[in-house]
$ cat run-v9.txt   # compact mmCIF, C-alpha atoms
# COMPACT_ATOMS: atom_id res chain seq x y z
CA MET A 1 86.02 174.29 30.70
CA SER A 2 87.46 171.74 33.09
CA PHE A 3 86.41 168.19 32.50
CA ALA A 4 87.97 166.73 35.62
CA ASP A 5 85.81 168.36 38.27
CA ASN A 6 82.42 166.94 37.65
CA ARG A 7 83.13 163.51 36.29
CA SER A 8 81.39 160.51 37.78
CA CYS A 9 83.84 158.14 39.44
CA PRO A 10 84.29 154.97 37.37
CA ALA A 11 83.43 151.78 39.22
CA GLY A 12 85.95 148.97 39.78
CA PRO A 13 87.87 147.51 42.70
CA ALA A 14 91.36 148.65 41.72
CA ARG A 15 90.25 152.22 41.04
CA GLY A 16 89.95 155.21 43.29
CA ARG A 17 93.56 155.30 44.44
CA PRO A 18 95.09 158.72 43.74
CA ARG A 19 97.68 157.38 41.31
CA SER A 20 95.10 155.46 39.31
CA GLU A 21 92.75 158.43 39.25
CA ALA A 22 95.50 160.67 37.92
CA VAL A 23 96.21 158.22 35.12
CA GLU A 24 92.56 157.98 34.19
CA GLN A 25 92.27 161.73 34.18
CA ALA A 26 95.30 162.05 31.93
CA ILE A 27 93.76 159.59 29.48
CA LEU A 28 90.36 161.30 29.45
CA GLU A 29 92.02 164.68 28.99
CA GLY A 30 94.21 163.23 26.25
CA VAL A 31 91.12 162.28 24.27
CA MET A 32 89.60 165.72 24.85
CA GLN A 33 92.88 167.29 23.69
CA LEU A 34 92.84 165.31 20.45
CA LEU A 35 89.22 166.31 19.84
CA GLU A 36 90.08 169.94 20.52
CA ASP A 37 92.89 169.63 18.00
CA GLY A 38 90.27 168.66 15.46
CA VAL A 39 91.06 164.96 15.12
CA PRO A 40 87.89 163.28 13.80
CA LEU A 41 86.35 160.67 16.06
CA ALA A 42 86.87 157.97 13.44
CA GLU A 43 90.63 158.60 13.48
CA LEU A 44 91.04 158.41 17.25
CA SER A 45 92.98 155.21 17.92
CA ILE A 46 93.93 153.74 21.29
CA GLU A 47 97.53 154.06 20.15
CA ARG A 48 97.22 157.76 19.47
CA ILE A 49 95.35 158.36 22.73
CA ALA A 50 98.04 156.49 24.66
CA ARG A 51 100.77 158.59 23.03
CA THR A 52 98.93 161.84 23.81
CA ALA A 53 98.29 160.85 27.43
CA GLY A 54 101.84 159.58 27.90
CA VAL A 55 100.79 156.08 28.92
CA GLY A 56 101.07 152.64 27.38
CA LYS A 57 98.25 151.07 25.40
CA ALA A 58 97.94 148.32 28.02
CA THR A 59 97.20 150.97 30.66
CA ILE A 60 94.18 152.05 28.65
CA TYR A 61 93.00 148.51 27.94
CA ARG A 62 93.19 147.68 31.65
CA ARG A 63 90.54 150.33 32.26
CA TRP A 64 88.35 150.30 29.16
CA SER A 65 87.49 147.39 26.89
CA GLY A 66 87.83 149.58 23.82
CA LYS A 67 87.61 152.95 22.18
CA GLU A 68 83.80 153.08 22.47
CA GLU A 69 83.69 152.64 26.25
CA LEU A 70 86.53 155.10 26.77
CA PHE A 71 84.81 157.62 24.60
CA VAL A 72 81.53 157.37 26.50
CA ASP A 73 83.44 158.10 29.72
CA VAL A 74 85.00 161.15 28.07
CA LEU A 75 81.56 162.45 27.19
CA ARG A 76 80.20 161.67 30.64
CA THR A 77 83.06 163.68 32.08
CA ALA A 78 82.39 166.64 29.80
CA GLU A 79 78.66 166.70 30.46
CA PRO A 80 77.13 168.13 33.62
CA PRO A 81 76.75 165.36 36.23
CA ASP A 82 73.42 163.62 36.64
CA PRO A 83 71.27 165.57 39.09
CA GLU A 84 70.36 164.60 42.62
CA LEU A 85 66.59 164.38 42.86
CA PRO A 86 64.94 166.14 45.81
CA GLY A 87 62.28 163.42 46.02
CA THR A 88 59.76 165.88 47.47
CA SER A 89 57.26 165.45 44.62
CA MET A 90 57.08 164.25 41.03
CA ARG A 91 56.85 167.86 39.92
CA ASP A 92 60.01 168.85 41.80
CA ASP A 93 61.93 165.84 40.47
CA LEU A 94 60.80 166.49 36.90
CA ILE A 95 61.92 170.10 37.10
CA VAL A 96 65.38 169.00 38.29
CA ILE A 97 65.66 166.45 35.47
CA LEU A 98 64.55 168.93 32.80
CA GLU A 99 66.85 171.57 34.25
CA SER A 100 69.76 169.14 33.84
CA LEU A 101 68.79 168.72 30.18
CA ARG A 102 68.78 172.51 29.84
CA GLN A 103 72.23 172.70 31.43
CA ARG A 104 73.48 170.01 29.07
CA GLY A 105 72.14 172.07 26.19
CA LEU A 106 73.93 175.18 27.44
CA VAL A 107 77.23 173.29 27.80
CA SER A 108 76.88 171.79 24.34
CA ARG A 109 76.19 175.23 22.87
CA SER A 110 79.13 176.84 24.59
CA SER A 111 81.50 174.07 23.52
CA ALA A 112 81.94 173.77 19.78
CA ILE A 113 84.00 170.62 20.34
CA LEU A 114 81.35 168.90 22.40
CA HIS A 115 78.69 169.86 19.89
CA ASN A 116 80.82 168.50 17.09
CA VAL A 117 81.43 165.30 19.03
CA TYR A 118 77.71 164.67 19.48
CA VAL A 119 77.18 165.06 15.76
CA GLN A 120 80.09 162.79 14.85
CA MET A 121 79.05 160.24 17.42
CA LYS A 122 75.78 159.61 15.63
CA THR A 123 77.66 158.62 12.50
CA SER A 124 79.36 155.81 14.43
CA PRO A 125 76.76 153.18 15.30
CA ARG A 126 79.09 151.46 17.82
CA ILE A 127 79.90 154.62 19.77
CA TRP A 128 76.29 155.75 19.63
CA ALA A 129 75.16 152.37 20.98
CA ALA A 130 77.70 152.58 23.81
CA TYR A 131 76.63 156.14 24.67
CA HIS A 132 72.99 155.11 24.55
CA ALA A 133 73.55 152.13 26.85
CA GLY A 134 75.82 154.00 29.24
CA VAL A 135 74.16 157.42 29.45
CA VAL A 136 70.79 157.74 27.68
CA ALA A 137 69.15 154.49 28.84
CA PRO A 138 69.91 154.99 32.59
CA ARG A 139 68.49 158.52 32.39
CA ARG A 140 65.31 157.16 30.89
CA VAL A 141 65.01 154.57 33.66
CA LEU A 142 65.40 157.34 36.24
CA MET A 143 62.73 159.43 34.53
CA LEU A 144 60.28 156.51 34.32
CA ASP A 145 60.81 155.82 38.05
CA VAL A 146 59.87 159.40 38.87
CA LEU A 147 56.76 159.19 36.68
CA ARG A 148 55.70 155.82 38.14
CA ARG A 149 55.96 157.26 41.64
CA GLY A 150 53.98 160.32 40.54
CA GLN A 151 51.25 158.14 39.11
CA ARG A 152 51.11 156.13 42.33
CA ASP A 153 50.89 159.30 44.41
CA GLY A 154 48.15 160.87 42.31
CA GLU A 155 50.29 163.57 40.65
CA LEU A 156 49.93 162.05 37.18
CA ARG A 157 46.81 160.86 35.34
CA PRO A 158 46.34 157.17 36.01
CA ASP A 159 45.38 156.44 32.40
CA ILE A 160 48.54 157.85 30.85
CA ASP A 161 51.18 155.62 29.30
CA LEU A 162 54.44 156.38 31.13
CA ASP A 163 56.51 156.16 27.94
CA LEU A 164 54.37 158.82 26.35
CA ALA A 165 54.44 160.99 29.48
CA ASN A 166 58.25 160.75 29.42
CA ASP A 167 58.42 161.79 25.78
CA MET A 168 56.08 164.72 26.40
CA PHE A 169 58.03 166.10 29.36
CA VAL A 170 61.46 165.76 27.77
CA GLY A 171 60.34 166.37 24.18
CA ALA A 172 59.84 170.11 24.41
CA MET A 173 63.16 170.58 26.21
CA LEU A 174 65.05 168.40 23.72
CA VAL A 175 63.55 170.26 20.78
CA ARG A 176 64.89 173.47 22.31
CA THR A 177 68.35 172.19 23.26
CA VAL A 178 69.16 169.68 20.53
CA MET A 179 67.10 170.50 17.45
CA ARG A 180 66.91 174.27 17.62
CA PRO A 181 70.41 175.56 18.23
CA ASP A 182 68.97 179.08 18.32
CA GLY A 183 66.06 178.25 20.63
CA ASP A 184 65.63 180.28 23.83
CA LEU A 185 66.75 178.55 27.02
CA PRO A 186 65.48 180.91 29.75
CA GLU A 187 66.16 180.05 33.39
CA ASP A 188 62.58 179.12 34.21
CA LEU A 189 62.11 176.91 31.14
CA ALA A 190 62.18 173.58 33.01
CA GLU A 191 59.58 174.68 35.56
CA HIS A 192 57.46 176.23 32.82
CA ILE A 193 57.44 173.09 30.66
CA VAL A 194 56.62 170.80 33.59
CA ASP A 195 53.74 172.97 34.81
CA ILE A 196 52.22 173.57 31.39
CA THR A 197 52.50 169.89 30.45
CA LEU A 198 50.65 169.04 33.68
CA GLU A 199 48.02 171.76 33.22
CA GLY A 200 47.42 171.31 29.50
CA LEU A 201 47.22 173.86 26.70
CA ARG A 202 43.44 174.06 26.50
CA PRO A 203 41.99 177.35 27.75
CA VAL A 204 40.84 177.06 31.35
CA SER A 205 37.05 176.95 31.31
CA SER A 206 35.32 179.61 33.39
CA THR A 207 33.57 176.92 35.47
CA VAL A 208 36.91 175.66 36.78
CA SER A 209 38.42 177.66 39.61
CA MET B 1 60.54 153.12 -2.70
CA SER B 2 59.79 155.45 -5.56
CA PHE B 3 60.95 158.99 -5.15
CA ALA B 4 59.27 160.39 -8.21
CA ASP B 5 55.63 160.06 -7.16
CA ASN B 6 55.36 162.35 -4.21
CA ARG B 7 57.87 165.05 -4.92
CA SER B 8 56.82 168.64 -4.72
CA CYS B 9 57.01 170.34 -8.07
CA PRO B 10 59.93 172.78 -8.19
CA ALA B 11 58.94 176.35 -8.92
CA GLY B 12 60.26 178.30 -11.88
CA PRO B 13 58.96 179.62 -15.17
CA ALA B 14 60.87 177.30 -17.50
CA ARG B 15 59.98 174.18 -15.59
CA GLY B 16 57.02 171.89 -15.78
CA ARG B 17 57.46 170.93 -19.43
CA PRO B 18 57.68 167.15 -19.77
CA ARG B 19 61.23 167.16 -21.11
CA SER B 20 62.51 169.39 -18.34
CA GLU B 21 60.76 167.34 -15.69
CA ALA B 22 62.30 164.14 -17.00
CA VAL B 23 65.75 165.69 -16.82
CA GLU B 24 65.20 166.88 -13.27
CA GLN B 25 63.92 163.50 -12.27
CA ALA B 26 66.96 161.81 -13.79
CA ILE B 27 69.26 164.12 -11.82
CA LEU B 28 67.40 163.60 -8.52
CA GLU B 29 67.38 159.86 -9.07
CA GLY B 30 71.08 159.97 -9.98
CA VAL B 31 71.87 161.46 -6.59
CA MET B 32 69.71 158.84 -4.85
CA GLN B 33 71.49 156.13 -6.83
CA LEU B 34 74.89 157.35 -5.69
CA LEU B 35 73.70 157.46 -2.08
CA GLU B 36 72.30 153.94 -2.43
CA ASP B 37 75.68 152.86 -3.73
CA GLY B 38 77.15 154.11 -0.48
CA VAL B 39 78.91 157.22 -1.75
CA PRO B 40 79.33 159.54 1.26
CA LEU B 41 77.59 162.88 1.03
CA ALA B 42 80.90 164.72 1.27
CA GLU B 43 82.16 162.97 -1.87
CA LEU B 44 79.13 163.74 -4.02
CA SER B 45 80.28 166.22 -6.63
CA ILE B 46 78.21 167.93 -9.30
CA GLU B 47 80.51 166.28 -11.84
CA ARG B 48 79.82 162.81 -10.54
CA ILE B 49 76.09 163.47 -10.30
CA ALA B 50 76.07 164.72 -13.90
CA ARG B 51 77.87 161.60 -15.08
CA THR B 52 75.46 159.29 -13.21
CA ALA B 53 72.39 161.12 -14.51
CA GLY B 54 73.75 161.27 -18.06
CA VAL B 55 73.57 165.04 -18.31
CA GLY B 56 76.07 167.85 -18.55
CA LYS B 57 77.19 169.82 -15.49
CA ALA B 58 75.65 172.98 -16.97
CA THR B 59 72.26 171.25 -17.04
CA ILE B 60 72.47 170.83 -13.29
CA TYR B 61 73.74 174.37 -12.63
CA ARG B 62 70.86 175.77 -14.70
CA ARG B 63 68.45 174.26 -12.16
CA TRP B 64 70.30 174.41 -8.85
CA SER B 65 72.83 176.93 -7.61
CA GLY B 66 74.93 174.20 -6.05
CA LYS B 67 75.20 170.83 -4.42
CA GLU B 68 73.44 171.97 -1.25
CA GLU B 69 70.26 173.14 -2.99
CA LEU B 70 70.16 170.07 -5.19
CA PHE B 71 70.58 167.86 -2.20
CA VAL B 72 67.73 169.50 -0.31
CA ASP B 73 65.47 168.83 -3.31
CA VAL B 74 66.54 165.19 -3.28
CA LEU B 75 65.53 164.92 0.35
CA ARG B 76 62.27 166.74 -0.24
CA THR B 77 61.53 164.22 -2.98
CA ALA B 78 62.29 161.26 -0.74
CA GLU B 79 60.20 162.53 2.17
CA PRO B 80 56.43 162.32 2.31
CA PRO B 81 54.91 165.52 0.87
CA ASP B 82 53.80 168.30 3.21
CA PRO B 83 50.23 167.66 4.32
CA GLU B 84 47.11 169.55 3.28
CA LEU B 85 45.52 171.02 6.37
CA PRO B 86 41.76 170.51 6.76
CA GLY B 87 41.38 173.92 8.43
CA THR B 88 38.36 172.74 10.42
CA SER B 89 39.98 173.37 13.81
CA MET B 90 43.39 173.84 15.41
CA ARG B 91 43.12 170.34 16.83
CA ASP B 92 42.42 168.79 13.42
CA ASP B 93 45.26 170.70 11.77
CA LEU B 94 47.71 169.77 14.55
CA ILE B 95 46.83 166.10 14.20
CA VAL B 96 47.50 166.24 10.45
CA ILE B 97 50.86 167.97 11.01
CA LEU B 98 51.94 165.50 13.71
CA GLU B 99 50.75 162.61 11.57
CA SER B 100 53.01 163.84 8.76
CA LEU B 101 55.94 163.81 11.23
CA ARG B 102 55.02 160.24 12.15
CA GLN B 103 54.94 159.27 8.46
CA ARG B 104 58.31 160.89 7.95
CA GLY B 105 59.64 158.83 10.86
CA LEU B 106 58.26 155.63 9.34
CA VAL B 107 59.85 156.40 5.96
CA SER B 108 63.18 157.21 7.57
CA ARG B 109 63.10 153.94 9.51
CA SER B 110 62.23 151.87 6.48
CA SER B 111 64.96 153.45 4.39
CA ALA B 112 68.47 152.84 5.68
CA ILE B 113 69.79 155.21 3.03
CA LEU B 114 67.53 158.04 4.01
CA HIS B 115 68.35 157.52 7.66
CA ASN B 116 72.04 157.57 6.87
CA VAL B 117 71.62 160.72 4.80
CA TYR B 118 69.95 162.57 7.68
CA VAL B 119 72.84 161.66 9.94
CA GLN B 120 75.49 162.67 7.40
CA MET B 121 73.66 165.87 6.62
CA LYS B 122 74.12 167.12 10.15
CA THR B 123 77.87 166.84 9.79
CA SER B 124 77.76 169.28 6.87
CA PRO B 125 76.82 172.74 8.19
CA ARG B 126 76.11 174.06 4.69
CA ILE B 127 73.75 171.26 3.69
CA TRP B 128 72.09 171.34 7.09
CA ALA B 129 71.56 175.09 6.77
CA ALA B 130 70.05 174.65 3.29
CA TYR B 131 67.76 171.87 4.52
CA HIS B 132 66.76 173.96 7.51
CA ALA B 133 65.94 176.99 5.38
CA GLY B 134 64.17 175.00 2.67
CA VAL B 135 62.27 172.40 4.69
CA VAL B 136 62.35 172.83 8.48
CA ALA B 137 61.75 176.58 8.73
CA PRO B 138 58.66 176.63 6.42
CA ARG B 139 57.15 173.77 8.44
CA ARG B 140 57.63 175.77 11.60
CA VAL B 141 55.95 178.80 10.07
CA LEU B 142 52.99 176.63 9.07
CA MET B 143 52.76 175.21 12.58
CA LEU B 144 52.90 178.65 14.21
CA ASP B 145 50.11 179.86 11.90
CA VAL B 146 47.91 177.00 13.04
CA LEU B 147 48.63 177.76 16.70
CA ARG B 148 48.02 181.49 16.26
CA ARG B 149 44.66 180.77 14.69
CA GLY B 150 43.86 178.36 17.53
CA GLN B 151 44.69 180.97 20.11
CA ARG B 152 42.52 183.52 18.32
CA ASP B 153 39.61 181.05 18.19
CA GLY B 154 39.85 180.05 21.84
CA GLU B 155 41.26 176.56 21.31
CA LEU B 156 44.61 177.40 22.93
CA ARG B 157 45.34 179.13 26.23
CA PRO B 158 45.74 182.85 25.62
CA ASP B 159 48.73 183.09 27.99
CA ILE B 160 50.86 180.48 26.23
CA ASP B 161 53.93 181.40 24.24
CA LEU B 162 53.41 180.02 20.73
CA ASP B 163 57.02 178.94 20.36
CA LEU B 164 56.72 176.84 23.50
CA ALA B 165 53.36 175.42 22.41
CA ASN B 166 54.97 174.43 19.11
CA ASP B 167 57.85 172.67 20.86
CA MET B 168 55.46 170.84 23.17
CA PHE B 169 53.24 169.53 20.37
CA VAL B 170 56.06 168.43 18.09
CA GLY B 171 58.53 167.50 20.85
CA ALA B 172 56.94 164.22 21.91
CA MET B 173 56.56 163.10 18.30
CA LEU B 174 60.14 164.03 17.40
CA VAL B 175 61.51 162.19 20.43
CA ARG B 176 59.68 159.11 19.18
CA THR B 177 60.62 159.37 15.52
CA VAL B 178 64.10 160.88 15.60
CA MET B 179 65.70 160.17 18.97
CA ARG B 180 64.27 156.76 19.79
CA PRO B 181 64.70 154.58 16.73
CA ASP B 182 62.94 151.77 18.61
CA GLY B 183 60.07 153.93 19.89
CA ASP B 184 56.51 152.84 19.17
CA LEU B 185 54.74 154.72 16.38
CA PRO B 186 51.14 153.49 16.67
CA GLU B 187 48.53 154.78 14.23
CA ASP B 188 46.71 156.94 16.76
CA LEU B 189 49.87 158.54 18.15
CA ALA B 190 49.35 161.97 16.57
CA GLU B 191 45.78 162.28 17.84
CA HIS B 192 46.81 160.98 21.25
CA ILE B 193 49.66 163.48 21.63
CA VAL B 194 47.54 166.44 20.54
CA ASP B 195 44.66 165.59 22.89
CA ILE B 196 46.84 164.83 25.91
CA THR B 197 48.91 167.97 25.38
CA LEU B 198 45.67 169.98 25.30
CA GLU B 199 44.18 168.21 28.33
CA GLY B 200 47.29 168.07 30.49
CA LEU B 201 48.82 165.24 32.48
CA ARG B 202 47.43 166.23 35.85
CA PRO B 203 44.75 163.88 37.19
CA VAL B 204 41.28 165.23 36.46
CA SER B 205 39.93 166.58 39.73
CA SER B 206 36.54 165.23 40.77
CA THR B 207 35.08 168.74 40.88
CA VAL B 208 35.69 169.20 37.17
CA SER B 209 33.14 167.63 34.87
$ encode --input "run-v9.txt" --output "structure tokens"
Amino acid sequence: MSFADNRSCPAGPARGRPRSEAVEQAILEGVMQLLEDGVPLAELSIERIARTAGVGKATIYRRWSGKEELFVDVLRTAEPPDPELPGTSMRDDLIVILESLRQRGLVSRSSAILHNVYVQMKTSPRIWAAYHAGVVAPRRVLMLDVLRRGQRDGELRPDIDLDLANDMFVGAMLVRTVMRPDGDLPEDLAEHIVDITLEGLRPVSSTVS
Amino acid sequence: MSFADNRSCPAGPARGRPRSEAVEQAILEGVMQLLEDGVPLAELSIERIARTAGVGKATIYRRWSGKEELFVDVLRTAEPPDPELPGTSMRDDLIVILESLRQRGLVSRSSAILHNVYVQMKTSPRIWAAYHAGVVAPRRVLMLDVLRRGQRDGELRPDIDLDLANDMFVGAMLVRTVMRPDGDLPEDLAEHIVDITLEGLRPVSSTVS
């Protein structure tokens, strides 16, 4: 798996020049290399990363404030990129978001390292907090925006709490991808979950067309 | 928190006599004590547990085949007991099951040790496998039984895959309890999730009563 292709470009005025990008890539790949070699997350030091990437420690500290922030960027690089939403309807946007969760699940299953990193990450409150702030929280904001728009446009019950709607749509997919490593992830799962969550699990009464 | 009150009684012909129960309780509490003292799961040895509980190693091996099985019993003791299902309807049973997940979430939040143990457990494939086989899998079987009965009795759409229905009902609750440590866990959450999952999130059309 290549981690360089789909990474989101880090923000910052001095970045984006080819030379700088190459250095950043070398650092991110250095971390990945150490993880692939089986170095536990807790033993990854900036010094060791610098040595592996062939750069000085100061080069790393110019770009990341610490190990936690660097590590979150490594994960962001390894994960599929955040999806572009079609914006045609709440349903369409939800399917794209849930499909990206499914893809993330597939990547995590196919990469023992990545899977291991997720598990280790949760044992480090600082790294978990950085990952949550940098990756999980923005995704939730995006999801709530989609639901708010859907409620405004009459695609979602007006009486539903958006937090709960969010947890219902993503819950089933997360149970499949994160909690059940052997759970089926068929291609139409995202569409299926979105439609069934909208329709409900109660049998359709014969008086309803 | 007392761990002795709500533990499920271990099966076995020689067990259940007061003396034997007291020994088992001392061993289970010994493990909890070590965890409370901050001993990492990976460093818990049968020898150390025996010393803490004031019993011989053979006493432990007579009751548990190894550290993994013992540890799963410790967790089972610390968690709220599995619920008794009313059996009055699928809806009622689902609410009781989801409520027990909510209770488990509350206990895990109120106990830093227990929370820490869950996290550590996932880094040990053997312990996680034992916990999965001893606790998670039976709960899933129970849940699927309830859903199958509901489908037979016309409470659940006949075209729905039971695995998916399971993941939808428990997904929202697990997102709240396990993945969002700051997520609201109001008292009526279980009932709310079950009813909304049955009804669906689509706005009720005016032609439907």
$ residues_around --input "run-v9.txt" --residues "Pro80 in chain A" --least-positions-apart "4" --cutoff "8 Å" --atoms "all atoms listed in the file" --output "PyMOL selection string"
chain A and resi 6+76+100+103-104+107
$ write_last_selection --input "run-v9.txt" --atoms "C-alpha atoms" --output "tab-separated table (two decimals), in the coordinates of the input"
chain	number	residue	atom	x	y	z
A	6	ASN	CA	82.42	166.94	37.65
A	76	ARG	CA	80.20	161.67	30.64
A	100	SER	CA	69.76	169.14	33.84
A	103	GLN	CA	72.23	172.70	31.43
A	104	ARG	CA	73.48	170.01	29.07
A	107	VAL	CA	77.23	173.29	27.80
$ closest_residue --input "run-v9.txt" --among "A:Asp195, A:Val170, A:Arg202, A:Asp163" --to "Gly150 in chain B" --atoms "all atoms listed in the file"
A:Arg202
$ interface_residues --input "run-v9.txt" --of "chain B" --to "chain A" --cutoff "9 Å" --atoms "all atoms listed in the file" --output "NGL selection string"
:B and (116 or 119-120 or 122-123 or 151 or 154-160 or 164-176 or 193 or 196-204 or 207-208)
$ atom_distance --input "run-v9.txt" --atom1 "CA of Ala58 in chain A" --atom2 "CA of Leu44 in chain A"
16.3 Å
$ atom_distance --input "run-v9.txt" --atom1 "CA of Ala26 in chain B" --atom2 "CA of Gly66 in chain B"
16.6 Å
